[in-house]
Amino acid sequence: MYDAHWIPDKPASLSTYSDETQLDRLRITWRQRRVMVIVAIGIVVALVAAVVLRVVASGGVGAGVFAPVDVAVGPGGEVFIYNHDGVFPNIKPFVVRIASDGKQSVLAGTGSKGMPREGRATASPLHGGDGLAVDSAGNVYIADMTTVERVTTDGTLSIIAGTGKDGNPVAGPATASPIGDAEAVAVDPEGNVYIEDVSSNMVLKVTPDGVLSIFAGNGRANFGTSSPVPGPATSTAVGTLCGMAIDTAGNLYITDSVDIYKITPEGVLSVYISEVANIMSPMGTAMALGPEGDVYVASRTTVMKLSRDGSRTNMVGDGKEGYPIGGNALASRWGRITGLDFDAQGDLYVSDNMADVVARVTPSGVLSILAHGPAGPPN
């Protein structure tokens, strides 16, 4: 370890000075430097200790919840959380798995940001994207900026789309096509994977045999100035894509900065709920489909149920910023809701990347904290 006491009170060069005043000044300067070195070492030690305590408090790299950007629930009730520990761009991305018995483990990621590597998922870096999805077999899909990865139930990671370089998608082999910025991912009952590319203003489709096609959007940005034109989904511009979900029939639901629209498996687009931005502001930080087929949309500190009969019901949050607490879901505050998903029992899971929290809300509206960062809930 570095020893600050190696600095001499009177360096050899001081012997060349005859002016005692100059000598005194130089001695003071060296003492100040020694103090500065000691203080600097103390700061470094404190910072290292803080990191160590954060990791220890969470049970190791990847365990615990740090700035969760999305949450997804598997067929067996497992909960998967995409964490972004750190401050952008110096994030440490990893995916956590919470088993049905509450045990936490790392599913994917090393805590290092970089190009994913195929093989053991816990030995691979991640880019630090924003989306998760789980298929009926329990495989996890990661929307990871310029790539999309699949992690099988045995922990093997493979890249199913993207080259790792950003660019406009090209139809054909999915792993030979660039992706601008994969923001969200969904899987239909047939195993087709849908990717929201917010950079190219498109929704991409990847078949089980790895063929990529443009599923929605013509590549032109809408910026929320108007609704998409009903008809072929690839013929219209889409707004700022904010989230998507798929129903059991394979219909894809997408929210942008203005509307929620529905796209059939055949690629026909229709406006499902119009002018949602007039009801919720800011619009759409996450979305999910409820057990009855209702659309749930998060708007930073609230979650609203939007039904086809025109009714709008606030389900979560009082609209004020704060830290989620257990109890009445409508009375709880939130930092920034970033992910929504439902389990088979109809419980809603909510991730909050400002409060470092993932919470569960029962159908009766009771909120409980499923996982939180090392700071924990406020007293």
# chains A, B, ... in the order shown; residues from 1 in each chain; ligands from 1
>>> residues_around(residues="segment 98-114 of chain A", least_positions_apart="3", cutoff="7 Å", atoms="only C-alpha atoms", output="PyMOL selection string")
chain A and resi 61-63+77-80+91-95+121-128+155
>>> residues_around(residues="Leu132 of chain A", least_positions_apart="5", cutoff="12 Å", atoms="only C-alpha atoms", output="PyMOL selection string")
chain A and resi 68-74+79-83+94-97+108+139-145+148-151+182-187+193-196+243-245+286+338-341+351
>>> residues_around(residues="segment 309-325 of chain A", least_positions_apart="2", cutoff="10 Å", atoms="only C-alpha atoms", output="ChimeraX atom specification")
/A:273,279,294-307,327-337,348,350,352,354-359,361,363-369,376-378
>>> closest_residue(among="A:Pro75, A:Gly217, A:Gly191, A:Pro178", to="Ile263 of chain A", atoms="only C-alpha atoms")
A:Gly217
>>> atom_distance(atom1="atom CA of Leu204 of chain A", atom2="atom CA of Tyr349 of chain A")
25.8 Å
>>> residues_around(residues="Ala174 of chain A", least_positions_apart="6", cutoff="7 Å", atoms="only C-alpha atoms", output="VMD selection string")
chain A and resid 160 to 162 206 210 to 212
>>> write_last_selection(atoms="N, CA, C and O atoms", output="PDB file, in the first residue's frame")
ATOM      1  N   ILE A 160     -29.557 -13.319 -31.043  1.00  0.00           N
ATOM      2  CA  ILE A 160     -30.536 -13.705 -32.062  1.00  0.00           C
ATOM      3  C   ILE A 160     -30.766 -12.596 -33.091  1.00  0.00           C
ATOM      4  O   ILE A 160     -31.369 -12.852 -34.146  1.00  0.00           O
ATOM      5  N   ALA A 161     -30.301 -11.385 -32.811  1.00  0.00           N
ATOM      6  CA  ALA A 161     -30.468 -10.290 -33.764  1.00  0.00           C
ATOM      7  C   ALA A 161     -29.438  -9.203 -33.481  1.00  0.00           C
ATOM      8  O   ALA A 161     -29.073  -8.966 -32.324  1.00  0.00           O
ATOM      9  N   GLY A 162     -29.003  -8.543 -34.551  1.00  0.00           N
ATOM     10  CA  GLY A 162     -28.071  -7.437 -34.403  1.00  0.00           C
ATOM     11  C   GLY A 162     -26.633  -7.859 -34.576  1.00  0.00           C
ATOM     12  O   GLY A 162     -26.262  -9.020 -34.336  1.00  0.00           O
ATOM     13  N   VAL A 206     -38.458 -11.176 -35.773  1.00  0.00           N
ATOM     14  CA  VAL A 206     -37.469 -12.222 -36.008  1.00  0.00           C
ATOM     15  C   VAL A 206     -38.158 -13.569 -35.828  1.00  0.00           C
ATOM     16  O   VAL A 206     -38.705 -13.856 -34.756  1.00  0.00           O
ATOM     17  N   GLY A 210     -34.611 -17.361 -37.390  1.00  0.00           N
ATOM     18  CA  GLY A 210     -33.619 -16.299 -37.460  1.00  0.00           C
ATOM     19  C   GLY A 210     -33.717 -15.352 -38.624  1.00  0.00           C
ATOM     20  O   GLY A 210     -32.741 -14.672 -38.954  1.00  0.00           O
ATOM     21  N   VAL A 211     -34.897 -15.229 -39.220  1.00  0.00           N
ATOM     22  CA  VAL A 211     -35.073 -14.307 -40.343  1.00  0.00           C
ATOM     23  C   VAL A 211     -35.720 -13.020 -39.845  1.00  0.00           C
ATOM     24  O   VAL A 211     -36.769 -13.045 -39.194  1.00  0.00           O
ATOM     25  N   LEU A 212     -35.097 -11.895 -40.146  1.00  0.00           N
ATOM     26  CA  LEU A 212     -35.588 -10.591 -39.709  1.00  0.00           C
ATOM     27  C   LEU A 212     -36.376  -9.920 -40.826  1.00  0.00           C
ATOM     28  O   LEU A 212     -35.979  -9.955 -41.993  1.00  0.00           O
TER      29      LEU A 212
END
>>> closest_residue(among="A:Ala171, A:Ala233, A:Val198, A:Ile254", to="Gly267 of chain A", atoms="only C-alpha atoms")
A:Ala233
>>> atom_distance(atom1="atom CA of Thr248 of chain A", atom2="atom CA of Leu289 of chain A")
10.1 Å
>>> residues_around(residues="Tyr272 of chain A", least_positions_apart="6", cutoff="7 Å", atoms="only C-alpha atoms", output="ChimeraX atom specification")
/A:260-262
>>> select_by_dssp(residues="segment 76-295 of chain A", states="strand (DSSP E or B)", output="PyMOL selection string")
chain A and resi 79-87+90-98+104-108+113+119-120+126+131-134+140-145+147-151+156-161+172-173+182-187+193-197+202-206+211-216+221+231-232+238+243-246+252-255+260-263+268-273+286-289+295
>>> residues_around(residues="Ile179 of chain A", least_positions_apart="4", cutoff="7 Å", atoms="only C-alpha atoms", output="mmCIF file with all heavy atoms, in the first residue's frame")
data_model
loop_
_atom_site.group_PDB
_atom_site.id
_atom_site.type_symbol
_atom_site.label_atom_id
_atom_site.label_comp_id
_atom_site.auth_asym_id
_atom_site.auth_seq_id
_atom_site.Cartn_x
_atom_site.Cartn_y
_atom_site.Cartn_z
ATOM 1 N N THR A 146 -27.930 -2.555 -29.459
ATOM 2 C CA THR A 146 -27.638 -2.939 -30.840
ATOM 3 C C THR A 146 -27.684 -4.447 -31.066
ATOM 4 O O THR A 146 -27.350 -4.918 -32.165
ATOM 5 C CB THR A 146 -26.258 -2.407 -31.263
ATOM 6 O OG1 THR A 146 -25.279 -2.862 -30.324
ATOM 7 C CG2 THR A 146 -26.259 -0.886 -31.296
ATOM 8 N N THR A 147 -28.097 -5.188 -30.062
ATOM 9 C CA THR A 147 -28.291 -6.632 -30.191
ATOM 10 C C THR A 147 -29.501 -7.047 -29.363
ATOM 11 O O THR A 147 -29.961 -6.313 -28.492
ATOM 12 C CB THR A 147 -27.071 -7.444 -29.706
ATOM 13 O OG1 THR A 147 -26.782 -7.089 -28.345
ATOM 14 C CG2 THR A 147 -25.845 -7.205 -30.564
ATOM 15 N N GLY A 162 -29.003 -8.543 -34.551
ATOM 16 C CA GLY A 162 -28.071 -7.437 -34.403
ATOM 17 C C GLY A 162 -26.633 -7.859 -34.576
ATOM 18 O O GLY A 162 -26.262 -9.020 -34.336
ATOM 19 N N LYS A 165 -23.426 -3.208 -33.987
ATOM 20 C CA LYS A 165 -23.226 -1.863 -34.524
ATOM 21 C C LYS A 165 -24.588 -1.256 -34.836
ATOM 22 O O LYS A 165 -25.482 -1.936 -35.331
ATOM 23 C CB LYS A 165 -22.369 -1.912 -35.785
ATOM 24 C CG LYS A 165 -20.961 -2.427 -35.546
ATOM 25 C CD LYS A 165 -20.144 -2.436 -36.828
ATOM 26 C CE LYS A 165 -18.727 -2.951 -36.573
ATOM 27 N NZ LYS A 165 -17.915 -2.968 -37.817
ATOM 28 N N ASP A 166 -24.743 0.019 -34.533
ATOM 29 C CA ASP A 166 -26.033 0.652 -34.781
ATOM 30 C C ASP A 166 -26.168 1.010 -36.257
ATOM 31 O O ASP A 166 -25.190 1.294 -36.952
ATOM 32 C CB ASP A 166 -26.218 1.883 -33.896
ATOM 33 C CG ASP A 166 -25.217 2.981 -34.201
ATOM 34 O OD1 ASP A 166 -24.091 2.644 -34.588
ATOM 35 O OD2 ASP A 166 -25.558 4.160 -34.059
ATOM 36 N N GLY A 167 -27.411 0.977 -36.718
ATOM 37 C CA GLY A 167 -27.689 1.280 -38.116
ATOM 38 C C GLY A 167 -29.107 0.887 -38.454
ATOM 39 O O GLY A 167 -29.833 0.335 -37.620
ATOM 40 N N ASN A 168 -29.528 1.154 -39.667
ATOM 41 C CA ASN A 168 -30.874 0.805 -40.098
ATOM 42 C C ASN A 168 -30.973 -0.692 -40.346
ATOM 43 O O ASN A 168 -30.118 -1.275 -41.022
ATOM 44 C CB ASN A 168 -31.242 1.566 -41.375
ATOM 45 C CG ASN A 168 -31.400 3.055 -41.117
ATOM 46 O OD1 ASN A 168 -31.860 3.464 -40.060
ATOM 47 N ND2 ASN A 168 -31.008 3.871 -42.092
ATOM 48 N N PRO A 169 -32.021 -1.317 -39.806
ATOM 49 C CA PRO A 169 -32.182 -2.768 -39.991
ATOM 50 C C PRO A 169 -32.345 -3.143 -41.454
ATOM 51 O O PRO A 169 -32.880 -2.374 -42.254
ATOM 52 C CB PRO A 169 -33.455 -3.070 -39.195
ATOM 53 C CG PRO A 169 -33.614 -1.922 -38.262
ATOM 54 C CD PRO A 169 -33.064 -0.729 -38.964
ATOM 55 N N ASP A 197 -37.282 -0.812 -32.299
ATOM 56 C CA ASP A 197 -36.049 -0.098 -32.600
ATOM 57 C C ASP A 197 -36.384 1.390 -32.638
ATOM 58 O O ASP A 197 -36.895 1.903 -33.640
ATOM 59 C CB ASP A 197 -35.479 -0.562 -33.936
ATOM 60 C CG ASP A 197 -34.111 0.035 -34.239
ATOM 61 O OD1 ASP A 197 -33.771 1.080 -33.647
ATOM 62 O OD2 ASP A 197 -33.392 -0.529 -35.082
#
>>> atom_distance(atom1="atom CA of Gly172 of chain A", atom2="atom CA of Arg220 of chain A")
20.7 Å
